[in-house]
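Structure file structure.pdb with PDB, C-alpha atoms, pLDDT in the B column:
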ATOM      1  CA  MET A 172      90.053   2.117 -33.764  1.00 92.00           C
ATOM      2  CA  PHE A 173      86.745   2.519 -31.965  1.00 94.00           C
ATOM      3  CA  PHE A 174      86.786  -0.893 -30.289  1.00 95.00           C
ATOM      4  CA  ALA A 175      90.282  -0.277 -28.948  1.00 96.00           C
ATOM      5  CA  TRP A 176      89.315   3.121 -27.493  1.00 97.00           C
ATOM      6  CA  PRO A 177      86.738   1.990 -24.864  1.00 97.00           C
ATOM      7  CA  ALA A 178      89.088  -0.871 -23.981  1.00 97.00           C
ATOM      8  CA  ARG A 179      91.712   1.694 -22.963  1.00 96.00           C
ATOM      9  CA  HIS A 180      89.085   3.253 -20.691  1.00 96.00           C
ATOM     10  CA  GLU A 181      87.555   0.078 -19.259  1.00 95.00           C
ATOM     11  CA  GLU A 182      86.953   1.710 -15.878  1.00 94.00           C
ATOM     12  CA  ARG A 183      84.678   4.254 -17.569  1.00 94.00           C
ATOM     13  CA  PHE A 184      82.712   2.004 -19.914  1.00 96.00           C
ATOM     14  CA  GLY A 185      82.981  -1.537 -18.557  1.00 96.00           C
ATOM     15  CA  LEU A 186      82.900  -3.137 -22.010  1.00 97.00           C
ATOM     16  CA  GLY A 187      86.131  -5.094 -21.624  1.00 97.00           C
ATOM     17  CA  GLY A 188      89.845  -4.456 -21.485  1.00 96.00           C
ATOM     18  CA  SER A 189      90.657  -5.450 -25.062  1.00 97.00           C
ATOM     19  CA  ALA A 190      89.372  -4.489 -28.502  1.00 96.00           C
ATOM     20  CA  GLY A 191      88.121  -8.051 -28.935  1.00 95.00           C
ATOM     21  CA  GLN A 192      86.068  -7.911 -25.748  1.00 97.00           C
ATOM     22  CA  VAL A 193      84.539  -4.569 -26.734  1.00 97.00           C
ATOM     23  CA  ARG A 194      83.731  -5.958 -30.189  1.00 95.00           C
ATOM     24  CA  SER A 195      81.938  -8.896 -28.543  1.00 96.00           C
ATOM     25  CA  ALA A 196      79.921  -6.549 -26.332  1.00 97.00           C
ATOM     26  CA  TYR A 197      79.013  -4.411 -29.343  1.00 96.00           C
ATOM     27  CA  ARG A 198      77.880  -7.437 -31.361  1.00 94.00           C
ATOM     28  CA  ARG A 199      75.845  -8.740 -28.442  1.00 96.00           C
ATOM     29  CA  ALA A 200      74.015  -5.421 -28.139  1.00 96.00           C
ATOM     30  CA  ARG A 201      73.201  -5.322 -31.840  1.00 94.00           C
ATOM     31  CA  GLN A 202      72.070  -8.955 -31.961  1.00 94.00           C
ATOM     32  CA  GLU A 203      69.797  -8.569 -28.947  1.00 96.00           C
ATOM     33  CA  LEU A 204      68.245  -5.373 -30.308  1.00 95.00           C
ATOM     34  CA  ALA A 205      67.688  -7.105 -33.633  1.00 93.00           C
ATOM     35  CA  ALA A 206      65.856  -9.933 -31.873  1.00 95.00           C
ATOM     36  CA  ARG A 207      63.946  -7.713 -29.419  1.00 95.00           C
ATOM     37  CA  PRO A 208      63.815  -3.968 -30.197  1.00 95.00           C
ATOM     38  CA  VAL A 209      63.617  -1.717 -27.151  1.00 93.00           C
ATOM     39  CA  ASP A 210      61.704   1.573 -27.118  1.00 86.00           C
ATOM     40  CA  GLY A 211      61.492   1.559 -30.909  1.00 89.00           C
ATOM     41  CA  ILE A 212      65.230   0.967 -31.324  1.00 93.00           C
ATOM     42  CA  GLY A 213      66.114  -2.063 -33.423  1.00 93.00           C
ATOM     43  CA  PRO A 214      69.020  -2.949 -35.710  1.00 90.00           C
ATOM     44  CA  ALA A 215      68.360  -0.152 -38.230  1.00 89.00           C
ATOM     45  CA  GLU A 216      68.258   2.521 -35.540  1.00 90.00           C
ATOM     46  CA  PHE A 217      71.313   1.027 -33.857  1.00 93.00           C
ATOM     47  CA  ASP A 218      73.280   1.068 -37.125  1.00 91.00           C
ATOM     48  CA  ARG A 219      72.278   4.668 -37.785  1.00 88.00           C
ATOM     49  CA  ALA A 220      73.482   5.728 -34.339  1.00 91.00           C
ATOM     50  CA  VAL A 221      76.778   3.886 -34.851  1.00 92.00           C
ATOM     51  CA  TYR A 222      77.324   5.393 -38.299  1.00 88.00           C
ATOM     52  CA  ARG A 223      76.685   8.890 -36.990  1.00 88.00           C
ATOM     53  CA  ALA A 224      78.929   8.399 -33.955  1.00 92.00           C
ATOM     54  CA  LEU A 225      81.892   6.974 -35.854  1.00 91.00           C
ATOM     55  CA  GLY A 226      82.130  10.101 -38.006  1.00 91.00           C
ATOM     56  CA  ARG A 227      83.042  12.348 -35.057  1.00 93.00           C
ATOM     57  CA  THR A 228      85.295  11.306 -32.192  1.00 95.00           C
ATOM     58  CA  GLU A 229      83.423  13.538 -29.740  1.00 92.00           C
ATOM     59  CA  ARG A 230      80.454  11.172 -30.216  1.00 94.00           C
ATOM     60  CA  TRP A 231      82.414   8.003 -29.388  1.00 96.00           C
ATOM     61  CA  GLU A 232      81.798   8.430 -25.690  1.00 96.00           C
ATOM     62  CA  GLY A 233      78.040   8.550 -26.172  1.00 95.00           C
ATOM     63  CA  LEU A 234      78.098   5.406 -28.310  1.00 96.00           C
ATOM     64  CA  ALA A 235      80.235   3.448 -25.826  1.00 97.00           C
ATOM     65  CA  ALA A 236      78.086   4.643 -22.935  1.00 96.00           C
ATOM     66  CA  GLY A 237      74.954   3.690 -24.872  1.00 96.00           C
ATOM     67  CA  VAL A 238      76.164   0.142 -25.488  1.00 97.00           C
ATOM     68  CA  ARG A 239      77.088  -0.157 -21.807  1.00 96.00           C
ATOM     69  CA  ALA A 240      73.720   1.176 -20.624  1.00 96.00           C
ATOM     70  CA  TYR A 241      71.853  -1.272 -22.813  1.00 97.00           C
ATOM     71  CA  LEU A 242      73.911  -4.309 -21.776  1.00 96.00           C
ATOM     72  CA  HIS A 243      73.960  -3.433 -18.079  1.00 95.00           C
ATOM     73  CA  ASP A 244      70.569  -1.774 -17.573  1.00 94.00           C
ATOM     74  CA  GLY A 245      68.477  -2.763 -20.594  1.00 94.00           C
ATOM     75  CA  SER A 246      68.005   0.879 -21.616  1.00 94.00           C
ATOM     76  CA  ALA A 247      68.555   1.793 -25.276  1.00 94.00           C
ATOM     77  CA  GLU A 248      67.734   5.480 -24.913  1.00 92.00           C
ATOM     78  CA  LEU A 249      71.362   6.582 -25.338  1.00 93.00           C
ATOM     79  CA  LEU A 250      71.461   4.687 -28.646  1.00 92.00           C
ATOM     80  CA  ARG A 251      68.569   6.637 -30.130  1.00 87.00           C
ATOM     81  CA  PRO A 252      69.843   8.218 -33.377  1.00 74.00           C
ATOM     82  CA  ALA A 253      70.169  11.977 -33.159  1.00 67.00           C
ATOM     83  CA  THR A 254      69.611  14.067 -36.272  1.00 59.00           C
ATOM     84  CA  PRO A 255      69.104  17.788 -36.952  1.00 52.00           C
ATOM     85  CA  PHE A 256      66.180  16.839 -39.171  1.00 47.00           C
ATOM     86  CA  ASP A 257      63.037  14.931 -38.346  1.00 52.00           C
ATOM     87  CA  GLY A 258      60.539  12.930 -40.366  1.00 58.00           C
ATOM     88  CA  ALA A 259      59.914  14.053 -43.934  1.00 63.00           C
ATOM     89  CA  ALA A 260      62.539  16.791 -43.664  1.00 66.00           C
ATOM     90  CA  SER A 261      65.211  14.215 -42.889  1.00 67.00           C
ATOM     91  CA  ARG A 262      64.204  11.984 -45.800  1.00 70.00           C
ATOM     92  CA  THR A 263      64.147  14.969 -48.179  1.00 80.00           C
ATOM     93  CA  TYR A 264      67.600  16.109 -47.056  1.00 78.00           C
ATOM     94  CA  GLU A 265      69.148  12.667 -47.416  1.00 75.00           C
ATOM     95  CA  SER A 266      67.504  12.042 -50.798  1.00 78.00           C
ATOM     96  CA  ALA A 267      68.784  15.375 -52.135  1.00 82.00           C
ATOM     97  CA  SER A 268      72.259  14.588 -50.835  1.00 80.00           C
ATOM     98  CA  ARG A 269      72.308  11.282 -52.693  1.00 79.00           C
ATOM     99  CA  VAL A 270      71.121  12.872 -55.945  1.00 80.00           C
ATOM    100  CA  VAL A 271      73.955  15.412 -55.794  1.00 81.00           C
ATOM    101  CA  LYS A 272      76.560  12.712 -55.132  1.00 78.00           C
ATOM    102  CA  CYS A 273      75.227  10.390 -57.809  1.00 80.00           C
ATOM    103  CA  ALA A 274      75.252  13.211 -60.361  1.00 79.00           C
ATOM    104  CA  ASP A 275      79.043  13.439 -60.094  1.00 75.00           C
ATOM    105  CA  GLY A 276      79.453  10.342 -62.241  1.00 72.00           C
ATOM    106  CA  PRO A 277      78.169   6.890 -63.089  1.00 72.00           C
ATOM    107  CA  GLY A 278      77.233   4.833 -60.077  1.00 73.00           C
ATOM    108  CA  PRO A 279      78.475   1.335 -59.296  1.00 78.00           C
ATOM    109  CA  THR A 280      76.830  -1.600 -61.026  1.00 81.00           C
ATOM    110  CA  PRO A 281      74.644  -3.945 -58.956  1.00 81.00           C
ATOM    111  CA  GLY A 282      77.438  -6.514 -59.261  1.00 87.00           C
ATOM    112  CA  ARG A 283      79.938  -4.076 -57.771  1.00 85.00           C
ATOM    113  CA  VAL A 284      77.576  -3.290 -54.891  1.00 83.00           C
ATOM    114  CA  THR A 285      77.133  -6.996 -54.146  1.00 87.00           C
ATOM    115  CA  ALA A 286      80.886  -7.620 -54.332  1.00 92.00           C
ATOM    116  CA  ASP A 287      81.551  -4.727 -51.945  1.00 87.00           C
ATOM    117  CA  LEU A 288      79.031  -6.059 -49.438  1.00 88.00           C
ATOM    118  CA  ARG A 289      80.581  -9.517 -49.558  1.00 92.00           C
ATOM    119  CA  ARG A 290      84.056  -8.034 -49.052  1.00 92.00           C
ATOM    120  CA  LEU A 291      82.809  -6.032 -46.072  1.00 88.00           C
ATOM    121  CA  ARG A 292      81.292  -9.125 -44.487  1.00 91.00           C
ATOM    122  CA  ARG A 293      84.562 -10.980 -44.835  1.00 93.00           C
ATOM    123  CA  LEU A 294      86.183  -8.207 -42.819  1.00 88.00           C
ATOM    124  CA  GLU A 295      83.318  -7.749 -40.357  1.00 85.00           C
ATOM    125  CA  PRO A 296      80.317 -10.126 -40.133  1.00 84.00           C
ATOM    126  CA  GLN A 297      78.076  -7.264 -39.001  1.00 81.00           C
ATOM    127  CA  PRO A 298      79.171  -4.270 -41.078  1.00 83.00           C
ATOM    128  CA  ILE A 299      77.498  -0.891 -40.886  1.00 82.00           C
ATOM    129  CA  VAL A 300      76.157  -0.348 -44.405  1.00 80.00           C
ATOM    130  CA  THR A 301      74.044   2.723 -43.620  1.00 77.00           C
ATOM    131  CA  GLY A 302      76.687   5.023 -45.089  1.00 68.00           C
ATOM    132  CA  ILE A 303      77.178   3.216 -48.396  1.00 72.00           C
ATOM    133  CA  GLU A 304      75.257   5.867 -50.295  1.00 71.00           C
ATOM    134  CA  ALA A 305      76.820   5.012 -53.666  1.00 70.00           C
ATOM    135  CA  ALA A 306      74.725   1.839 -53.751  1.00 71.00           C
ATOM    136  CA  ALA A 307      71.639   3.929 -54.486  1.00 73.00           C
ATOM    137  CA  CYS A 308      73.327   5.394 -57.569  1.00 77.00           C
ATOM    138  CA  ALA A 309      73.293   2.003 -59.288  1.00 71.00           C
ATOM    139  CA  TYR A 310      69.506   2.176 -59.632  1.00 69.00           C
ATOM    140  CA  GLY A 311      68.964   5.818 -60.661  1.00 67.00           C
ATOM    141  CA  HIS A 312      67.998   7.014 -64.137  1.00 64.00           C
ATOM    142  CA  HIS A 313      69.522  10.478 -63.775  1.00 64.00           C
ATOM    143  CA  ILE A 314      73.116   9.286 -63.540  1.00 65.00           C
ATOM    144  CA  PRO A 315      75.520  10.739 -66.135  1.00 68.00           C
ATOM    145  CA  ALA A 316      77.289   8.329 -68.436  1.00 68.00           C
ATOM    146  CA  GLN A 317      80.723   9.659 -67.475  1.00 69.00           C
ATOM    147  CA  SER A 318      82.350  11.338 -64.520  1.00 68.00           C
ATOM    148  CA  THR A 319      82.726  15.080 -64.228  1.00 68.00           C
ATOM    149  CA  ARG A 320      85.886  16.201 -66.033  1.00 76.00           C
ATOM    150  CA  LEU A 321      88.414  17.690 -63.669  1.00 78.00           C
ATOM    151  CA  GLY A 322      91.603  19.645 -64.154  1.00 77.00           C
ATOM    152  CA  SER A 323      92.190  22.726 -66.264  1.00 79.00           C
ATOM    153  CA  SER A 324      94.979  25.268 -66.457  1.00 77.00           C
ATOM    154  CA  VAL A 325      92.471  28.135 -66.698  1.00 81.00           C
ATOM    155  CA  VAL A 326      90.591  27.529 -63.445  1.00 82.00           C
ATOM    156  CA  PRO A 327      91.747  29.048 -60.139  1.00 86.00           C
ATOM    157  CA  PRO A 328      93.777  26.850 -57.768  1.00 91.00           C
ATOM    158  CA  VAL A 329      91.658  24.766 -55.409  1.00 94.00           C
ATOM    159  CA  LEU A 330      92.286  24.350 -51.695  1.00 97.00           C
ATOM    160  CA  LEU A 331      91.490  20.856 -50.428  1.00 97.00           C
ATOM    161  CA  ILE A 332      91.122  19.989 -46.741  1.00 97.00           C
ATOM    162  CA  ALA A 333      91.201  16.522 -45.215  1.00 97.00           C
ATOM    163  CA  SER A 334      91.371  14.773 -41.870  1.00 97.00           C
ATOM    164  CA  GLU A 335      94.148  12.179 -41.865  1.00 97.00           C
ATOM    165  CA  HIS A 336      91.874   9.361 -40.631  1.00 96.00           C
ATOM    166  CA  ASP A 337      88.448  10.549 -41.836  1.00 95.00           C
ATOM    167  CA  PRO A 338      86.246   7.409 -41.788  1.00 89.00           C
ATOM    168  CA  VAL A 339      83.568   8.909 -44.062  1.00 87.00           C
ATOM    169  CA  THR A 340      85.579  10.538 -46.862  1.00 89.00           C
ATOM    170  CA  PRO A 341      89.078   9.031 -46.618  1.00 92.00           C
ATOM    171  CA  ALA A 342      92.055  11.351 -47.057  1.00 96.00           C
ATOM    172  CA  GLU A 343      93.334   9.205 -49.911  1.00 96.00           C
ATOM    173  CA  GLY A 344      90.513  10.619 -52.038  1.00 93.00           C
ATOM    174  CA  ALA A 345      91.739  14.155 -51.368  1.00 96.00           C
ATOM    175  CA  ARG A 346      95.297  13.150 -52.259  1.00 96.00           C
ATOM    176  CA  GLN A 347      94.135  11.678 -55.559  1.00 94.00           C
ATOM    177  CA  LEU A 348      92.078  14.776 -56.327  1.00 92.00           C
ATOM    178  CA  ARG A 349      95.084  16.939 -55.512  1.00 93.00           C
ATOM    179  CA  LYS A 350      96.959  15.290 -58.400  1.00 91.00           C
ATOM    180  CA  ARG A 351      94.123  15.996 -60.845  1.00 89.00           C
ATOM    181  CA  LEU A 352      93.717  19.703 -60.084  1.00 91.00           C
ATOM    182  CA  PRO A 353      96.598  21.856 -61.378  1.00 87.00           C
ATOM    183  CA  GLY A 354      97.960  24.264 -58.770  1.00 89.00           C
ATOM    184  CA  SER A 355      95.815  22.866 -55.988  1.00 94.00           C
ATOM    185  CA  ARG A 356      96.992  22.563 -52.387  1.00 97.00           C
ATOM    186  CA  LEU A 357      96.021  20.107 -49.659  1.00 98.00           C
ATOM    187  CA  VAL A 358      95.597  20.987 -45.997  1.00 98.00           C
ATOM    188  CA  THR A 359      95.847  17.828 -43.858  1.00 98.00           C
ATOM    189  CA  LEU A 360      94.809  17.648 -40.220  1.00 98.00           C
ATOM    190  CA  HIS A 361      97.045  14.901 -38.861  1.00 98.00           C
ATOM    191  CA  ASP A 362      96.196  12.677 -35.895  1.00 97.00           C
ATOM    192  CA  ASP A 363      92.496  13.343 -36.384  1.00 96.00           C
ATOM    193  CA  TYR A 364      89.767  10.730 -36.799  1.00 95.00           C
ATOM    194  CA  SER A 365      86.674  12.800 -37.591  1.00 95.00           C
ATOM    195  CA  HIS A 366      84.686  13.815 -40.653  1.00 93.00           C
ATOM    196  CA  GLY A 367      84.509  17.524 -41.348  1.00 89.00           C
ATOM    197  CA  VAL A 368      87.450  19.791 -40.624  1.00 93.00           C
ATOM    198  CA  PHE A 369      87.193  23.484 -41.562  1.00 95.00           C
ATOM    199  CA  ALA A 370      85.229  25.598 -39.057  1.00 93.00           C
ATOM    200  CA  SER A 371      84.373  22.369 -37.285  1.00 90.00           C
ATOM    201  CA  ARG A 372      87.378  20.959 -35.452  1.00 91.00           C
ATOM    202  CA  GLY A 373      88.477  24.277 -33.955  1.00 93.00           C
ATOM    203  CA  ASN A 374      91.965  23.925 -35.406  1.00 96.00           C
ATOM    204  CA  ALA A 375      93.627  27.314 -35.945  1.00 98.00           C
ATOM    205  CA  CYS A 376      96.070  25.959 -38.513  1.00 98.00           C
ATOM    206  CA  VAL A 377      93.298  24.568 -40.726  1.00 98.00           C
ATOM    207  CA  ASP A 378      90.904  27.456 -40.221  1.00 98.00           C
ATOM    208  CA  GLY A 379      93.580  30.061 -40.908  1.00 98.00           C
ATOM    209  CA  ALA A 380      94.591  28.519 -44.234  1.00 98.00           C
ATOM    210  CA  ALA A 381      90.977  28.073 -45.318  1.00 97.00           C
ATOM    211  CA  ALA A 382      89.917  31.595 -44.268  1.00 97.00           C
ATOM    212  CA  ALA A 383      92.826  33.169 -46.156  1.00 97.00           C
ATOM    213  CA  TYR A 384      91.823  31.240 -49.273  1.00 97.00           C
ATOM    214  CA  LEU A 385      88.113  32.075 -49.033  1.00 96.00           C
ATOM    215  CA  VAL A 386      88.486  35.734 -48.057  1.00 96.00           C
ATOM    216  CA  ASP A 387      91.613  36.826 -49.931  1.00 95.00           C
ATOM    217  CA  GLY A 388      92.124  34.079 -52.478  1.00 93.00           C
ATOM    218  CA  SER A 389      95.491  33.285 -50.904  1.00 95.00           C
ATOM    219  CA  VAL A 390      96.847  29.892 -51.870  1.00 94.00           C
ATOM    220  CA  PRO A 391      99.573  28.325 -49.701  1.00 96.00           C
ATOM    221  CA  VAL A 392     102.968  28.013 -51.347  1.00 95.00           C
ATOM    222  CA  THR A 393     102.903  24.273 -50.669  1.00 96.00           C
ATOM    223  CA  ASP A 394     100.676  21.727 -48.953  1.00 97.00           C
ATOM    224  CA  VAL A 395      99.860  22.496 -45.319  1.00 98.00           C
ATOM    225  CA  HIS A 396     100.261  20.023 -42.455  1.00 98.00           C
ATOM    226  CA  CYS A 397      98.421  20.728 -39.198  1.00 98.00           C
ATOM    227  CA  ASP A 398      98.659  18.944 -35.856  1.00 98.00           C
ATOM    228  CA  GLY A 399      95.394  17.297 -34.844  1.00 96.00           C
ATOM    229  CA  PRO A 400      93.839  16.581 -31.442  1.00 94.00           C
ATOM    230  CA  GLY A 401      94.287  12.805 -31.359  1.00 95.00           C
ATOM    231  CA  LEU A 402      91.711  10.560 -29.738  1.00 94.00           C
ATOM    232  CA  PRO A 403      89.441  12.014 -27.038  1.00 92.00           C
ATOM    233  CA  THR A 404      89.678  11.513 -23.306  1.00 92.00           C
ATOM    234  CA  PRO A 405      86.326  10.457 -21.839  1.00 91.00           C
ATOM    235  CA  ARG A 406      84.744  12.616 -19.210  1.00 84.00           C
ATOM    236  CA  VAL A 407      84.440  11.329 -15.657  1.00 69.00           C
ATOM    237  CA  PRO A 408      80.700  10.998 -14.927  1.00 66.00           C
ATOM    238  CA  ASN A 409      79.299  12.828 -11.949  1.00 55.00           C
ATOM    239  CA  GLU A 410      78.855  10.627  -8.914  1.00 47.00           C
TER
END

As structure tokens, the full file:
Amino acid sequence: MFFAWPARHEERFGLGGSAGQVRSAYRRARQELAARPVDGIGPAEFDRAVYRALGRTERWEGLAAGVRAYLHDGSAELLRPATPFDGAASRTYESASRVVKCADGPGPTPGRVTADLRRLRRLEPQPIVTGIEAAACAYGHHIPAQSTRLGSSVVPPVLLIASEHDPVTPAEGARQLRKRLPGSRLVTLHDDYSHGVFASRGNACVDGAAAAYLVDGSVPVTDVHCDGPGLPTPRVPNE
């Protein structure tokens, strides 16, 4: 999806007029930065910037512009990973996040992690593996032997919210969870490609359903379907 987007706006980004051409430009940028890091930005920093950008469509423009700037001008500044945390604070936050996720159930075995990586590389020779947080769970000693039990007739109904094309937490997971939680409802933001929906995408349909649930305990009669924003339109840079 991302490679096809800059191709539709070739006049803005100059990375090629097809998804294949944009993919080639992207790979060239990563390979060159891996061989010769620029301003402290090498393959790890590049992957982190890509992972962060792919989770929110409003960041796609910055990623495409960053690849273009590096290939055309040799500057990698636009590819510098942005984070709300710095240094030790960032590492502490990410470590705590992984502990919480791993505590939900047993992690994958080392064999499963290896098999997943091989499958990814068959699909894409240079996959972004920064976001595969479950891999860390395979090596922890605090992991429960079984997954958290879900579903009970005595618990209140749960409202689930998902973006139709969320690349970080796919909507299929929400649909499966919906089946395991009695009385639950699912709010889906269609034609959306970002991670994080409620109080984040500015969608009145989603926010209204979630606010009614949180404030008044109101549960929709059935699942809710909201119209999403689609893919972004890049801004025209100032001359």

Around all the atoms of stretch 213-221 of chain A listed in the file, with 8 Å of room on each side, what axis-aligned box do you get, giving centre and edge lengths in Å to one decimal, as JSON?
{"center_x": 71.4, "center_y": 1.4, "center_z": -35.8, "size_x": 26.7, "size_y": 24.7, "size_z": 20.8}

Neighbour list for A:Pro214 as a list in words, cut-off 9 Å, only C-alpha atoms, skip fewer than 2 positions in-chain = Arg201, Gln202, Glu203, Leu204, Ala205, Ala206, Pro208, Ile212, Glu216, Phe217, Asp218 and Arg219 of chain A

Residues within 7 Å of stretch 324-330 of chain A, only C-alpha atoms, excluding chain neighbours under 2 positions, as JSON, numbers by chain = {"A": [322, 332, 353, 354, 355, 356, 357]}

Interatomic distance between atom CA of A:Val209 and atom CA of A:Tyr241?
-> 9.3 Å

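Of the listed residues (A:Ala247, A:Cys308, A:Lys350, A:Arg199), A:Cys308 comes nearest to A:Gly276; the distances count all atoms listed in the file.
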
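Computed from the coordinates, the atom CA of A:Ala178 to atom CA of A:Arg251 distance equals 22.7 Å.
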
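Residues lying within 9 Å of A:Tyr197, counting all atoms listed in the file and ignoring same-chain neighbours fewer than 4 positions away, are Phe174, Leu186, Gln192, Val193, Arg201, Gln202, Ala235, Val238 and Arg239 of chain A.
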
Excluding same-chain residues fewer than 6 positions from A:Trp231, what lies within 12 Å of it counting only C-alpha atoms, as number ranges by chain?
-> A: 172-177, 180, 184, 220-225, 237-238, 249-250, 364-365, 402-406

Quick one: of A:Leu234, A:Gly245, A:Ala380, A:Thr285, who's nearest to A:Arg207, counting only C-alpha atoms?
-> A:Gly245

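The shortest atom-to-atom distance to A:Gly185, with all atoms listed in the file taken into account, belongs to A:Ala236 out of A:Pro279, A:Arg320, A:Ala236, A:Gly226.
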
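Going from atom CA of A:Ala196 over to atom CA of A:Ala306, you cover 29.1 Å.
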
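Using all atoms listed in the file, the shortest contact distance between A:Asp398 and any of A:Ala200, A:Val377, A:Ala215, A:Ala305 is found at A:Val377.
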
Explicit residue set for the PyMOL selection byres ((chain A and resi 360) around 9), as a PDB file with C-alpha atoms, in the coordinates of the input:
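What landed in result.pdb:
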ATOM      1  CA  ILE A 332      91.122  19.989 -46.741  1.00 97.00           C
ATOM      2  CA  ALA A 333      91.201  16.522 -45.215  1.00 97.00           C
ATOM      3  CA  SER A 334      91.371  14.773 -41.870  1.00 97.00           C
ATOM      4  CA  GLU A 335      94.148  12.179 -41.865  1.00 97.00           C
ATOM      5  CA  HIS A 336      91.874   9.361 -40.631  1.00 96.00           C
ATOM      6  CA  VAL A 358      95.597  20.987 -45.997  1.00 98.00           C
ATOM      7  CA  THR A 359      95.847  17.828 -43.858  1.00 98.00           C
ATOM      8  CA  HIS A 361      97.045  14.901 -38.861  1.00 98.00           C
ATOM      9  CA  ASP A 362      96.196  12.677 -35.895  1.00 97.00           C
ATOM     10  CA  ASP A 363      92.496  13.343 -36.384  1.00 96.00           C
ATOM     11  CA  VAL A 368      87.450  19.791 -40.624  1.00 93.00           C
ATOM     12  CA  ASN A 374      91.965  23.925 -35.406  1.00 96.00           C
ATOM     13  CA  CYS A 376      96.070  25.959 -38.513  1.00 98.00           C
ATOM     14  CA  VAL A 377      93.298  24.568 -40.726  1.00 98.00           C
ATOM     15  CA  VAL A 395      99.860  22.496 -45.319  1.00 98.00           C
ATOM     16  CA  HIS A 396     100.261  20.023 -42.455  1.00 98.00           C
ATOM     17  CA  CYS A 397      98.421  20.728 -39.198  1.00 98.00           C
ATOM     18  CA  ASP A 398      98.659  18.944 -35.856  1.00 98.00           C
ATOM     19  CA  GLY A 399      95.394  17.297 -34.844  1.00 96.00           C
ATOM     20  CA  PRO A 400      93.839  16.581 -31.442  1.00 94.00           C
TER      21      PRO A 400
END

Complete the atoms of stretch 203-215 of chain A to N, CA and C atoms and put them out as a PDB file, keeping the file's coordinate frame.
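Result went into rebuild23.pdb, see below:
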ATOM      1  N   GLU A 203      70.950  -8.554 -29.846  1.00 96.00           N
ATOM      2  CA  GLU A 203      69.797  -8.569 -28.947  1.00 96.00           C
ATOM      3  C   GLU A 203      68.751  -7.544 -29.375  1.00 96.00           C
ATOM      4  N   LEU A 204      69.199  -6.376 -29.842  1.00 95.00           N
ATOM      5  CA  LEU A 204      68.245  -5.373 -30.308  1.00 95.00           C
ATOM      6  C   LEU A 204      67.570  -5.816 -31.601  1.00 95.00           C
ATOM      7  N   ALA A 205      68.292  -6.583 -32.411  1.00 93.00           N
ATOM      8  CA  ALA A 205      67.688  -7.105 -33.633  1.00 93.00           C
ATOM      9  C   ALA A 205      66.602  -8.121 -33.305  1.00 93.00           C
ATOM     10  N   ALA A 206      66.837  -8.917 -32.260  1.00 95.00           N
ATOM     11  CA  ALA A 206      65.856  -9.933 -31.873  1.00 95.00           C
ATOM     12  C   ALA A 206      64.693  -9.329 -31.107  1.00 95.00           C
ATOM     13  N   ARG A 207      64.986  -8.311 -30.264  1.00 95.00           N
ATOM     14  CA  ARG A 207      63.946  -7.713 -29.419  1.00 95.00           C
ATOM     15  C   ARG A 207      64.195  -6.198 -29.319  1.00 95.00           C
ATOM     16  N   PRO A 208      63.639  -5.424 -30.259  1.00 95.00           N
ATOM     17  CA  PRO A 208      63.815  -3.968 -30.197  1.00 95.00           C
ATOM     18  C   PRO A 208      63.315  -3.407 -28.871  1.00 95.00           C
ATOM     19  N   VAL A 209      63.966  -2.356 -28.409  1.00 93.00           N
ATOM     20  CA  VAL A 209      63.617  -1.717 -27.151  1.00 93.00           C
ATOM     21  C   VAL A 209      63.293  -0.253 -27.408  1.00 93.00           C
ATOM     22  N   ASP A 210      62.109   0.174 -26.968  1.00 86.00           N
ATOM     23  CA  ASP A 210      61.704   1.573 -27.118  1.00 86.00           C
ATOM     24  C   ASP A 210      61.823   2.052 -28.563  1.00 86.00           C
ATOM     25  N   GLY A 211      61.458   1.182 -29.504  1.00 89.00           N
ATOM     26  CA  GLY A 211      61.492   1.559 -30.909  1.00 89.00           C
ATOM     27  C   GLY A 211      62.881   1.538 -31.528  1.00 89.00           C
ATOM     28  N   ILE A 212      63.866   1.017 -30.815  1.00 93.00           N
ATOM     29  CA  ILE A 212      65.230   0.967 -31.324  1.00 93.00           C
ATOM     30  C   ILE A 212      65.578  -0.481 -31.652  1.00 93.00           C
ATOM     31  N   GLY A 213      65.730  -0.748 -32.942  1.00 93.00           N
ATOM     32  CA  GLY A 213      66.114  -2.063 -33.423  1.00 93.00           C
ATOM     33  C   GLY A 213      67.432  -1.981 -34.165  1.00 93.00           C
ATOM     34  N   PRO A 214      67.721  -2.945 -35.032  1.00 90.00           N
ATOM     35  CA  PRO A 214      69.020  -2.949 -35.710  1.00 90.00           C
ATOM     36  C   PRO A 214      69.239  -1.753 -36.620  1.00 90.00           C
ATOM     37  N   ALA A 215      68.192  -1.299 -37.324  1.00 89.00           N
ATOM     38  CA  ALA A 215      68.360  -0.152 -38.230  1.00 89.00           C
ATOM     39  C   ALA A 215      68.700   1.113 -37.452  1.00 89.00           C
TER      40      ALA A 215
END
